[in-house]
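Here is data_37.cif, consisting of mmCIF, C-alpha atoms:
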```
data_target
loop_
_atom_site.label_atom_id
_atom_site.label_comp_id
_atom_site.auth_asym_id
_atom_site.auth_seq_id
_atom_site.Cartn_x
_atom_site.Cartn_y
_atom_site.Cartn_z
CA MET A 961 6.49 34.82 2.24
CA SER A 962 7.20 38.52 1.86
CA ASP A 963 8.96 38.31 -1.52
CA PRO A 964 8.48 34.92 -3.20
CA VAL A 965 9.97 36.10 -6.49
CA ARG A 966 13.22 37.17 -4.86
CA ALA A 967 13.34 33.88 -2.95
CA TRP A 968 12.70 31.99 -6.20
CA HIS A 969 15.61 33.67 -7.99
CA ARG A 970 17.88 33.04 -5.01
CA LEU A 971 17.04 29.33 -4.79
CA ALA A 972 16.40 28.35 -8.41
CA GLY A 973 19.96 27.42 -9.34
CA GLY A 974 20.29 24.68 -6.76
CA SER A 975 16.71 23.44 -6.47
CA VAL A 976 14.39 20.98 -8.20
CA LEU A 977 11.67 22.64 -10.29
CA LEU A 978 8.22 21.24 -9.59
CA ASP A 979 6.26 22.17 -12.66
CA GLY A 980 2.47 22.06 -12.27
CA PHE A 981 -0.05 21.25 -9.55
CA HIS A 982 0.38 17.48 -9.74
CA ALA A 983 4.17 17.64 -9.39
CA VAL A 984 3.83 19.86 -6.32
CA LYS A 985 1.10 17.62 -4.88
CA HIS A 986 3.16 14.44 -5.22
CA ALA A 987 6.34 16.01 -3.90
CA LEU A 988 4.54 17.23 -0.79
CA ARG A 989 2.89 13.85 -0.24
CA PHE A 990 6.27 12.13 -0.20
CA GLY A 991 8.02 14.52 2.12
CA ALA A 992 9.79 16.98 -0.17
CA GLU A 993 11.12 20.13 1.42
CA VAL A 994 9.50 22.97 -0.57
CA PRO A 995 10.78 26.43 0.42
CA VAL A 996 8.78 28.43 -2.15
CA ALA A 997 5.72 27.90 -4.34
CA VAL A 998 3.90 30.28 -6.67
CA THR A 999 0.70 30.34 -8.67
CA ALA A 1000 -1.01 32.72 -11.03
CA ASP A 1001 -4.42 31.75 -9.58
CA ARG A 1002 -4.45 30.82 -5.92
CA HIS A 1003 -8.21 30.26 -5.82
CA ALA A 1004 -8.08 27.80 -8.73
CA ALA A 1005 -5.07 25.98 -7.28
CA LEU A 1006 -6.76 25.48 -3.91
CA ALA A 1007 -9.95 24.37 -5.65
CA LEU A 1008 -7.86 21.68 -7.39
CA ALA A 1009 -6.50 20.67 -4.01
CA ASP A 1010 -10.02 20.42 -2.58
CA GLU A 1011 -10.99 18.16 -5.48
CA LEU A 1012 -7.88 16.07 -6.06
CA ALA A 1013 -5.59 16.32 -3.05
CA PRO A 1014 -7.37 17.28 0.16
CA ASP A 1015 -4.54 15.61 2.10
CA VAL A 1016 -2.14 18.43 1.10
CA ARG A 1017 -4.67 21.27 0.88
CA GLU A 1018 -3.69 22.80 4.20
CA THR A 1019 0.00 22.66 3.32
CA LEU A 1020 -0.64 24.27 -0.07
CA ASP A 1021 -2.77 26.97 1.52
CA ALA A 1022 0.16 27.98 3.70
CA LEU A 1023 2.74 27.61 0.94
CA LEU A 1024 1.26 29.11 -2.23
CA ASN A 1025 2.03 32.71 -3.14
CA GLU A 1026 -0.06 34.33 -5.85
CA VAL A 1027 1.92 36.34 -8.41
CA PRO A 1028 0.86 38.02 -11.67
CA ARG A 1029 0.52 35.58 -14.56
CA GLU A 1030 3.35 37.30 -16.41
CA THR A 1031 5.62 36.89 -13.39
CA TYR A 1032 4.72 33.22 -13.05
CA ALA A 1033 5.46 32.66 -16.75
CA SER A 1034 8.86 34.32 -16.36
CA LEU A 1035 9.89 31.87 -13.63
CA VAL A 1036 9.34 28.61 -15.52
CA PRO A 1037 10.63 27.43 -18.91
CA ARG A 1038 7.16 26.36 -20.09
CA PRO A 1039 4.05 27.51 -18.21
CA HIS A 1040 1.88 24.64 -17.00
CA PRO A 1041 -1.90 24.70 -17.55
CA THR A 1042 -2.47 24.68 -13.79
CA ALA A 1043 -0.22 27.76 -13.37
CA VAL A 1044 1.43 26.30 -10.28
CA ALA A 1045 5.16 25.84 -9.69
CA ALA A 1046 7.47 25.31 -6.75
CA LEU A 1047 11.10 24.73 -5.89
CA ALA A 1048 12.12 21.73 -3.81
CA VAL A 1049 15.31 20.60 -2.13
CA ARG A 1050 16.84 17.63 -3.95
CA PRO A 1051 17.33 14.58 -1.69
CA SER A 1052 20.99 14.06 -0.85
CA ARG A 1053 22.92 11.52 -2.87
CA GLU A 1054 23.95 9.83 0.37
CA VAL A 1055 20.33 9.26 1.38
CA ASN A 1056 19.46 7.80 -2.02
CA LEU A 1057 22.54 5.55 -2.07
CA ARG A 1058 21.64 4.20 1.36
CA ALA A 1059 18.12 3.39 0.14
CA LEU A 1060 19.46 1.66 -2.95
CA ALA A 1061 22.03 -0.34 -0.97
CA HIS A 1062 19.65 -1.36 1.83
CA SER A 1063 19.41 -5.12 2.29
CA PRO A 1064 17.20 -7.03 2.15
CA ARG A 1065 15.17 -5.09 -0.41
CA SER A 1066 11.42 -5.54 -0.61
CA ALA A 1067 11.16 -4.24 -4.19
CA PRO A 1068 13.39 -4.16 -7.27
CA VAL A 1069 15.65 -1.39 -8.50
CA VAL A 1070 15.04 -0.26 -12.09
CA VAL A 1071 18.12 0.56 -14.17
CA LEU A 1072 17.92 2.58 -17.38
CA ASP A 1073 21.13 1.83 -19.24
CA GLN A 1074 22.29 4.93 -21.13
CA PRO A 1075 18.78 6.32 -21.78
CA ARG A 1076 18.37 9.13 -24.31
CA ASN A 1077 14.85 10.45 -23.97
CA LEU A 1078 14.13 12.75 -21.02
CA GLY A 1079 10.37 12.25 -21.18
CA ASN A 1080 10.67 8.46 -21.21
CA ALA A 1081 12.93 8.59 -18.15
CA GLY A 1082 10.34 10.68 -16.33
CA ALA A 1083 7.58 8.25 -17.26
CA VAL A 1084 9.65 5.35 -15.91
CA ILE A 1085 10.20 7.12 -12.59
CA ARG A 1086 6.46 7.72 -12.32
CA LEU A 1087 5.82 4.01 -12.99
CA ALA A 1088 8.46 2.88 -10.53
CA ALA A 1089 6.98 5.06 -7.81
CA GLY A 1090 3.54 3.65 -8.52
CA PHE A 1091 4.78 0.08 -8.14
CA GLY A 1092 6.78 0.90 -5.02
CA ALA A 1093 10.15 0.14 -6.60
CA THR A 1094 13.18 0.80 -4.41
CA GLY A 1095 14.60 3.24 -6.92
CA VAL A 1096 15.47 4.18 -10.48
CA VAL A 1097 19.11 4.38 -11.57
CA THR A 1098 20.39 5.73 -14.85
CA THR A 1099 23.79 5.07 -16.40
CA GLY A 1100 25.38 7.30 -19.00
CA THR A 1101 25.04 11.05 -19.44
CA LEU A 1102 21.31 11.68 -18.93
CA ASP A 1103 20.59 13.54 -15.68
CA PRO A 1104 17.58 11.83 -14.05
CA TRP A 1105 16.88 15.09 -12.17
CA HIS A 1106 16.72 17.22 -15.32
CA PRO A 1107 13.63 19.50 -15.19
CA THR A 1108 12.07 17.69 -18.17
CA VAL A 1109 12.49 14.34 -16.41
CA VAL A 1110 10.97 15.72 -13.21
CA ARG A 1111 8.05 17.11 -15.22
CA GLY A 1112 7.51 13.69 -16.84
CA GLY A 1113 7.70 12.05 -13.43
CA ALA A 1114 4.99 14.34 -12.01
CA GLY A 1115 6.99 15.03 -8.87
CA LEU A 1116 7.33 11.35 -7.98
CA HIS A 1117 11.12 11.52 -7.83
CA PHE A 1118 10.48 12.11 -4.13
CA ALA A 1119 8.65 8.77 -3.80
CA THR A 1120 11.62 6.60 -4.80
CA ALA A 1121 15.43 6.82 -4.87
CA VAL A 1122 16.61 8.37 -8.15
CA GLU A 1123 20.33 8.51 -8.97
CA ARG A 1124 22.85 8.30 -11.81
CA LEU A 1125 25.54 5.62 -11.32
CA ASP A 1126 28.19 3.80 -13.28
CA VAL A 1127 27.53 0.14 -14.09
CA ASP A 1128 30.13 -0.99 -11.54
CA GLU A 1129 28.30 1.04 -8.86
CA LEU A 1130 24.89 -0.61 -9.34
CA PRO A 1131 23.17 -1.98 -6.22
CA ARG A 1132 23.75 -5.60 -5.34
CA GLY A 1133 21.20 -8.20 -6.34
CA PRO A 1134 20.51 -10.57 -9.22
CA LEU A 1135 20.56 -8.51 -12.41
CA PHE A 1136 17.82 -9.30 -14.93
CA ALA A 1137 18.27 -7.46 -18.23
CA LEU A 1138 15.60 -7.16 -20.89
CA ASP A 1139 16.74 -8.42 -24.28
CA PRO A 1140 14.90 -9.91 -27.27
CA GLU A 1141 17.17 -12.98 -27.11
CA GLY A 1142 16.41 -13.65 -23.47
CA GLU A 1143 14.20 -16.23 -21.80
CA ASP A 1144 10.46 -15.52 -21.95
CA ILE A 1145 9.75 -13.49 -18.83
CA ARG A 1146 6.45 -15.30 -18.30
CA GLY A 1147 8.39 -18.34 -17.10
CA VAL A 1148 10.63 -16.37 -14.73
CA LYS A 1149 9.91 -15.30 -11.17
CA LEU A 1150 11.55 -11.96 -10.42
CA PRO A 1151 12.75 -11.73 -6.80
CA ASP A 1152 12.14 -8.69 -4.67
CA ASP A 1153 15.84 -7.85 -4.60
CA ALA A 1154 16.16 -7.96 -8.39
CA VAL A 1155 17.94 -5.28 -10.36
CA LEU A 1156 15.91 -4.84 -13.58
CA ALA A 1157 17.88 -3.33 -16.44
CA PHE A 1158 16.55 -1.83 -19.66
CA GLY A 1159 18.67 -0.76 -22.61
CA SER A 1160 18.49 2.55 -24.42
CA GLU A 1161 15.71 3.26 -26.87
CA ARG A 1162 18.03 2.93 -29.88
CA SER A 1163 20.98 0.70 -29.11
CA GLY A 1164 19.75 -1.65 -26.38
CA LEU A 1165 22.01 -2.84 -23.58
CA SER A 1166 25.57 -1.60 -23.39
CA ALA A 1167 28.37 -4.16 -23.50
CA GLU A 1168 29.38 -3.19 -19.98
CA LEU A 1169 25.96 -3.86 -18.52
CA ARG A 1170 25.47 -7.03 -20.56
CA ALA A 1171 28.71 -8.39 -19.07
CA ARG A 1172 27.36 -7.77 -15.56
CA THR A 1173 23.96 -9.42 -16.27
CA ASP A 1174 22.93 -12.62 -14.49
CA HIS A 1175 19.78 -13.33 -16.53
CA LEU A 1176 18.52 -12.15 -19.92
CA VAL A 1177 14.72 -12.06 -20.13
CA ALA A 1178 12.38 -11.07 -22.95
CA LEU A 1179 8.88 -9.65 -23.03
CA PRO A 1180 6.31 -11.43 -25.19
CA MET A 1181 6.07 -9.69 -28.55
CA ARG A 1182 4.31 -10.42 -31.83
CA PRO A 1183 6.68 -11.33 -34.68
CA GLN A 1184 7.72 -8.38 -36.88
CA VAL A 1185 7.04 -5.87 -34.07
CA SER A 1186 10.47 -4.43 -33.37
CA SER A 1187 10.16 -3.11 -29.83
CA TYR A 1188 8.06 -1.56 -27.07
CA ASN A 1189 8.36 1.95 -25.73
CA LEU A 1190 10.78 2.05 -22.78
CA ALA A 1191 8.13 3.00 -20.23
CA THR A 1192 5.84 0.26 -21.55
CA SER A 1193 8.61 -2.31 -21.13
CA VAL A 1194 9.23 -1.19 -17.56
CA ALA A 1195 5.51 -1.28 -16.77
CA MET A 1196 5.13 -4.82 -18.13
CA THR A 1197 8.16 -6.03 -16.21
CA LEU A 1198 7.14 -4.46 -12.90
CA TYR A 1199 3.62 -5.80 -13.33
CA HIS A 1200 5.04 -9.28 -13.89
CA TRP A 1201 7.12 -8.91 -10.71
CA SER A 1202 4.09 -7.75 -8.74
CA THR A 1203 1.96 -10.73 -9.82
CA THR A 1204 4.55 -13.47 -9.34
CA GLY A 1205 5.32 -13.09 -5.67
CA GLY A 1206 6.53 -9.50 -5.48
CA ALA A 1207 5.78 -7.37 -2.45
CA SER A 1208 2.93 -5.58 -4.23
CA ALA A 1209 1.08 -8.86 -4.70
CA SER A 1210 0.72 -9.47 -0.96
#
```

Could you express the structure from this file as C-alpha cells?
Amino acid sequence: MSDPVRAWHRLAGGSVLLDGFHAVKHALRFGAEVPVAVTADRHAALALADELAPDVRETLDALLNEVPRETYASLVPRPHPTAVAALAVRPSREVNLRALAHSPRSAPVVVLDQPRNLGNAGAVIRLAAGFGATGVVTTGTLDPWHPTVVRGGAGLHFATAVERLDVDELPRGPLFALDPEGEDIRGVKLPDDAVLAFGSERSGLSAELRARTDHLVALPMRPQVSSYNLATSVAMTLYHWSTTGGASAS
C-alpha cells in the first residue's frame, strides 16, 4: 500500500481496530476483511507468524506495512507489545442476525444481560468462540464492538456472531438464565439450541430478562462465596453444555 497512514486515517472512523498480533491473526483466520495493517517491526511480526500462525503468514506478508514506531503509536490508543495493528470491516448486522436466528442451531447463544465491564465482555466473546457458540448477544448500553472489548476478545469477534439486542429481540430457543436460586446445573442437560443468559456483574439478571426465562440454573459454589467472575461463569456453563451432549462433545 502506497500510503498506509493516510488509508488508516480515512478508514479508522468506521472500522474495527485489531490491536496486536493475536487479534489480527484470529481475525484473518475467520475471514475478516482487513484493508490496512501496520507494524513498527515487520521482521518481528513475520517471525511471530512463522512461530505461531504459519497458516496466515503469507497473508500477513502481503498485508503488513512497516511504519516508524512513533507513527504506529499515534494510530492506536494503547500500543501493543507486538507493535501490530490493523483495521477490519465489521460484519453487517444483517449477517449476524441471520446467524443468530438460524434454526436448528448446533450450539447455544450466550446473552450478557446489561454487562458493565468491557474487558469481561471481551473475555466472554473469546470463550464463546473457543467453544463454537453460535454467538454472543449483549443487552443494555455496552457496545460489544467497543475497541476494549475487541482487544479482550483477541480478534475472535469474527469467529462468532456478536450483536447488541433488546430482550424482546433475543433469538428463539429455551432460555436458561444463571441465578443463585436456580436448579443445580449439574442435573440439567443444556440443549444445543439453548439461549444462555448471564446477569451483570453487580446487579444480576434484569427483571425483563428474568420474565422471559424458561429455566433458572445455578453453578455449584461453596457457601459464603458470593459469586464467580462473569467469564468464569460462562466458561463453566459452556463446558457443562459441551460435556452433556453438546455439539462439541461429539

Show me a table, sorted first by chain and then by increasing residue number, of the residues of segment 1070-1166 of chain A having an atom at most 9 Å from segment 990-994 of chain A, each with its shortest atom pair and the distance in Å to one decimal, counting all atoms listed in the file and written as CSV.
```
residue,atom,partner,partner_atom,distance
A:Leu1116,CA,A:Phe990,CA,7.9
A:Phe1118,CA,A:Phe990,CA,5.8
A:Ala1119,CA,A:Phe990,CA,5.5
A:Thr1120,CA,A:Phe990,CA,9.0
```

Wanna dump the segment 1026-1095 of chain A-segment 1004-1010 of chain A contacts at 12 Å for me, each residue with its shortest atom pair and the distance in Å to one decimal, counting only C-alpha atoms, ordered by chain and number, as a Markdown table?
```
| residue | atom | partner | partner_atom | distance |
| --- | --- | --- | --- | --- |
| A:Glu1026 | CA | A:Ala1005 | CA | 9.8 |
| A:Pro1041 | CA | A:Ala1005 | CA | 10.8 |
| A:Thr1042 | CA | A:Ala1005 | CA | 7.1 |
| A:Ala1043 | CA | A:Ala1005 | CA | 8.0 |
| A:Val1044 | CA | A:Ala1005 | CA | 7.2 |
| A:Ala1045 | CA | A:Ala1005 | CA | 10.5 |
```

Could you save the residues just selected, with C-alpha atoms, as a PDB file, keeping the file's coordinate frame?
```pdb
ATOM      1  CA  GLU A1026      -0.060  34.330  -5.850  1.00  0.00           C
ATOM      2  CA  PRO A1041      -1.900  24.700 -17.550  1.00  0.00           C
ATOM      3  CA  THR A1042      -2.470  24.680 -13.790  1.00  0.00           C
ATOM      4  CA  ALA A1043      -0.220  27.760 -13.370  1.00  0.00           C
ATOM      5  CA  VAL A1044       1.430  26.300 -10.280  1.00  0.00           C
ATOM      6  CA  ALA A1045       5.160  25.840  -9.690  1.00  0.00           C
TER       7      ALA A1045
END
```

**Request:** Counting all atoms listed in the file, figure out which residue out of A:Asp1139, A:Pro1014, A:Trp1201, A:Arg1162 gets nearest to Leu1179 of chain A.
**Result:** A:Asp1139

**Asked** Just so the selection is clear, what residues does the PyMOL selection byres ((chain A and resi 1086) around 8) cover here, as a VMD selection string?
**Response** chain A and resid 1082 to 1085 1087 to 1090 1112 to 1114 1116 to 1117

**Message:** Report, in Å with one decimal, the straight-line distance from atom CA of Arg1111 of chain A to atom CA of Leu977 of chain A.
**Reply:** 8.2 Å

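Selection result for the displayed file, with the PyMOL selection byres ((chain A and resi 1130) around 9) as criterion, is A:Leu1060, A:Ala1061, A:Val1071, A:Val1097, A:Leu1125, A:Asp1126, A:Val1127, A:Asp1128, A:Glu1129, A:Pro1131, A:Arg1132, A:Gly1133, A:Val1155.
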
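Using all atoms listed in the file, the residues found no farther than 9 Å from Ala1195 of chain A, other than those of its own chain fewer than 2 positions away, are Val1084, Leu1087, Ala1088, Phe1091, Leu1190, Ala1191, Thr1192, Ser1193, Thr1197, Leu1198, Tyr1199 and His1200 of chain A.
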
Can you put all heavy atoms back into segment 1187-1198 of chain A and show it as a CSV table (one decimal), in the coordinates of the input?
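Writing the result to selection31.csv gives the following:
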```csv
chain,number,residue,atom,x,y,z
A,1187,SER,N,9.9,-3.4,-31.2
A,1187,SER,CA,10.2,-3.1,-29.8
A,1187,SER,C,9.0,-2.5,-29.2
A,1187,SER,O,8.0,-2.0,-29.9
A,1187,SER,CB,11.4,-2.2,-29.7
A,1187,SER,OG,11.1,-0.9,-30.3
A,1188,TYR,N,9.0,-2.4,-27.8
A,1188,TYR,CA,8.1,-1.6,-27.1
A,1188,TYR,C,8.7,-0.2,-26.7
A,1188,TYR,O,9.9,-0.1,-26.6
A,1188,TYR,CB,7.6,-2.3,-25.8
A,1188,TYR,CG,6.8,-3.6,-26.0
A,1188,TYR,CD1,7.3,-4.8,-25.6
A,1188,TYR,CD2,5.6,-3.5,-26.7
A,1188,TYR,CE1,6.6,-6.0,-25.8
A,1188,TYR,CE2,4.9,-4.7,-26.8
A,1188,TYR,CZ,5.4,-5.9,-26.4
A,1188,TYR,OH,4.7,-7.1,-26.6
A,1189,ASN,N,7.9,0.7,-26.4
A,1189,ASN,CA,8.4,2.0,-25.7
A,1189,ASN,C,9.0,1.6,-24.4
A,1189,ASN,O,8.6,0.7,-23.7
A,1189,ASN,CB,7.2,2.9,-25.5
A,1189,ASN,CG,7.5,4.1,-24.7
A,1189,ASN,OD1,7.4,4.1,-23.5
A,1189,ASN,ND2,7.9,5.2,-25.3
A,1190,LEU,N,10.0,2.3,-24.0
A,1190,LEU,CA,10.8,2.0,-22.8
A,1190,LEU,C,9.9,2.0,-21.6
A,1190,LEU,O,9.9,1.0,-20.8
A,1190,LEU,CB,11.9,3.1,-22.6
A,1190,LEU,CG,12.7,3.0,-21.3
A,1190,LEU,CD1,13.4,1.7,-21.2
A,1190,LEU,CD2,13.7,4.2,-21.2
A,1191,ALA,N,9.0,3.0,-21.4
A,1191,ALA,CA,8.1,3.0,-20.2
A,1191,ALA,C,7.2,1.8,-20.3
A,1191,ALA,O,6.9,1.2,-19.2
A,1191,ALA,CB,7.4,4.3,-20.2
A,1192,THR,N,6.7,1.4,-21.4
A,1192,THR,CA,5.8,0.3,-21.6
A,1192,THR,C,6.6,-1.0,-21.1
A,1192,THR,O,6.0,-1.8,-20.4
A,1192,THR,CB,5.4,0.1,-23.0
A,1192,THR,OG1,4.6,1.3,-23.4
A,1192,THR,CG2,4.5,-1.1,-23.2
A,1193,SER,N,7.8,-1.1,-21.5
A,1193,SER,CA,8.6,-2.3,-21.1
A,1193,SER,C,8.8,-2.4,-19.6
A,1193,SER,O,8.7,-3.4,-19.0
A,1193,SER,CB,10.0,-2.3,-21.8
A,1193,SER,OG,9.8,-2.3,-23.2
A,1194,VAL,N,9.1,-1.2,-19.0
A,1194,VAL,CA,9.2,-1.2,-17.6
A,1194,VAL,C,7.9,-1.5,-16.9
A,1194,VAL,O,7.9,-2.3,-15.9
A,1194,VAL,CB,9.7,0.2,-17.1
A,1194,VAL,CG1,9.8,0.3,-15.6
A,1194,VAL,CG2,11.1,0.5,-17.7
A,1195,ALA,N,6.8,-1.0,-17.4
A,1195,ALA,CA,5.5,-1.3,-16.8
A,1195,ALA,C,5.2,-2.8,-16.8
A,1195,ALA,O,4.7,-3.4,-15.9
A,1195,ALA,CB,4.4,-0.5,-17.5
A,1196,MET,N,5.4,-3.4,-18.0
A,1196,MET,CA,5.1,-4.8,-18.1
A,1196,MET,C,6.0,-5.7,-17.2
A,1196,MET,O,5.5,-6.6,-16.6
A,1196,MET,CB,5.4,-5.3,-19.6
A,1196,MET,CG,4.4,-4.6,-20.6
A,1196,MET,SD,4.8,-5.0,-22.3
A,1196,MET,CE,4.5,-6.7,-22.4
A,1197,THR,N,7.3,-5.3,-17.1
A,1197,THR,CA,8.2,-6.0,-16.2
A,1197,THR,C,7.8,-5.9,-14.7
A,1197,THR,O,7.8,-6.9,-14.0
A,1197,THR,CB,9.6,-5.6,-16.5
A,1197,THR,OG1,9.9,-5.7,-17.9
A,1197,THR,CG2,10.6,-6.4,-15.6
A,1198,LEU,N,7.5,-4.7,-14.3
A,1198,LEU,CA,7.1,-4.5,-12.9
A,1198,LEU,C,5.8,-5.1,-12.6
A,1198,LEU,O,5.6,-5.7,-11.5
A,1198,LEU,CB,7.1,-3.0,-12.6
A,1198,LEU,CG,8.5,-2.3,-12.5
A,1198,LEU,CD1,8.3,-0.8,-12.3
A,1198,LEU,CD2,9.3,-2.9,-11.3
```
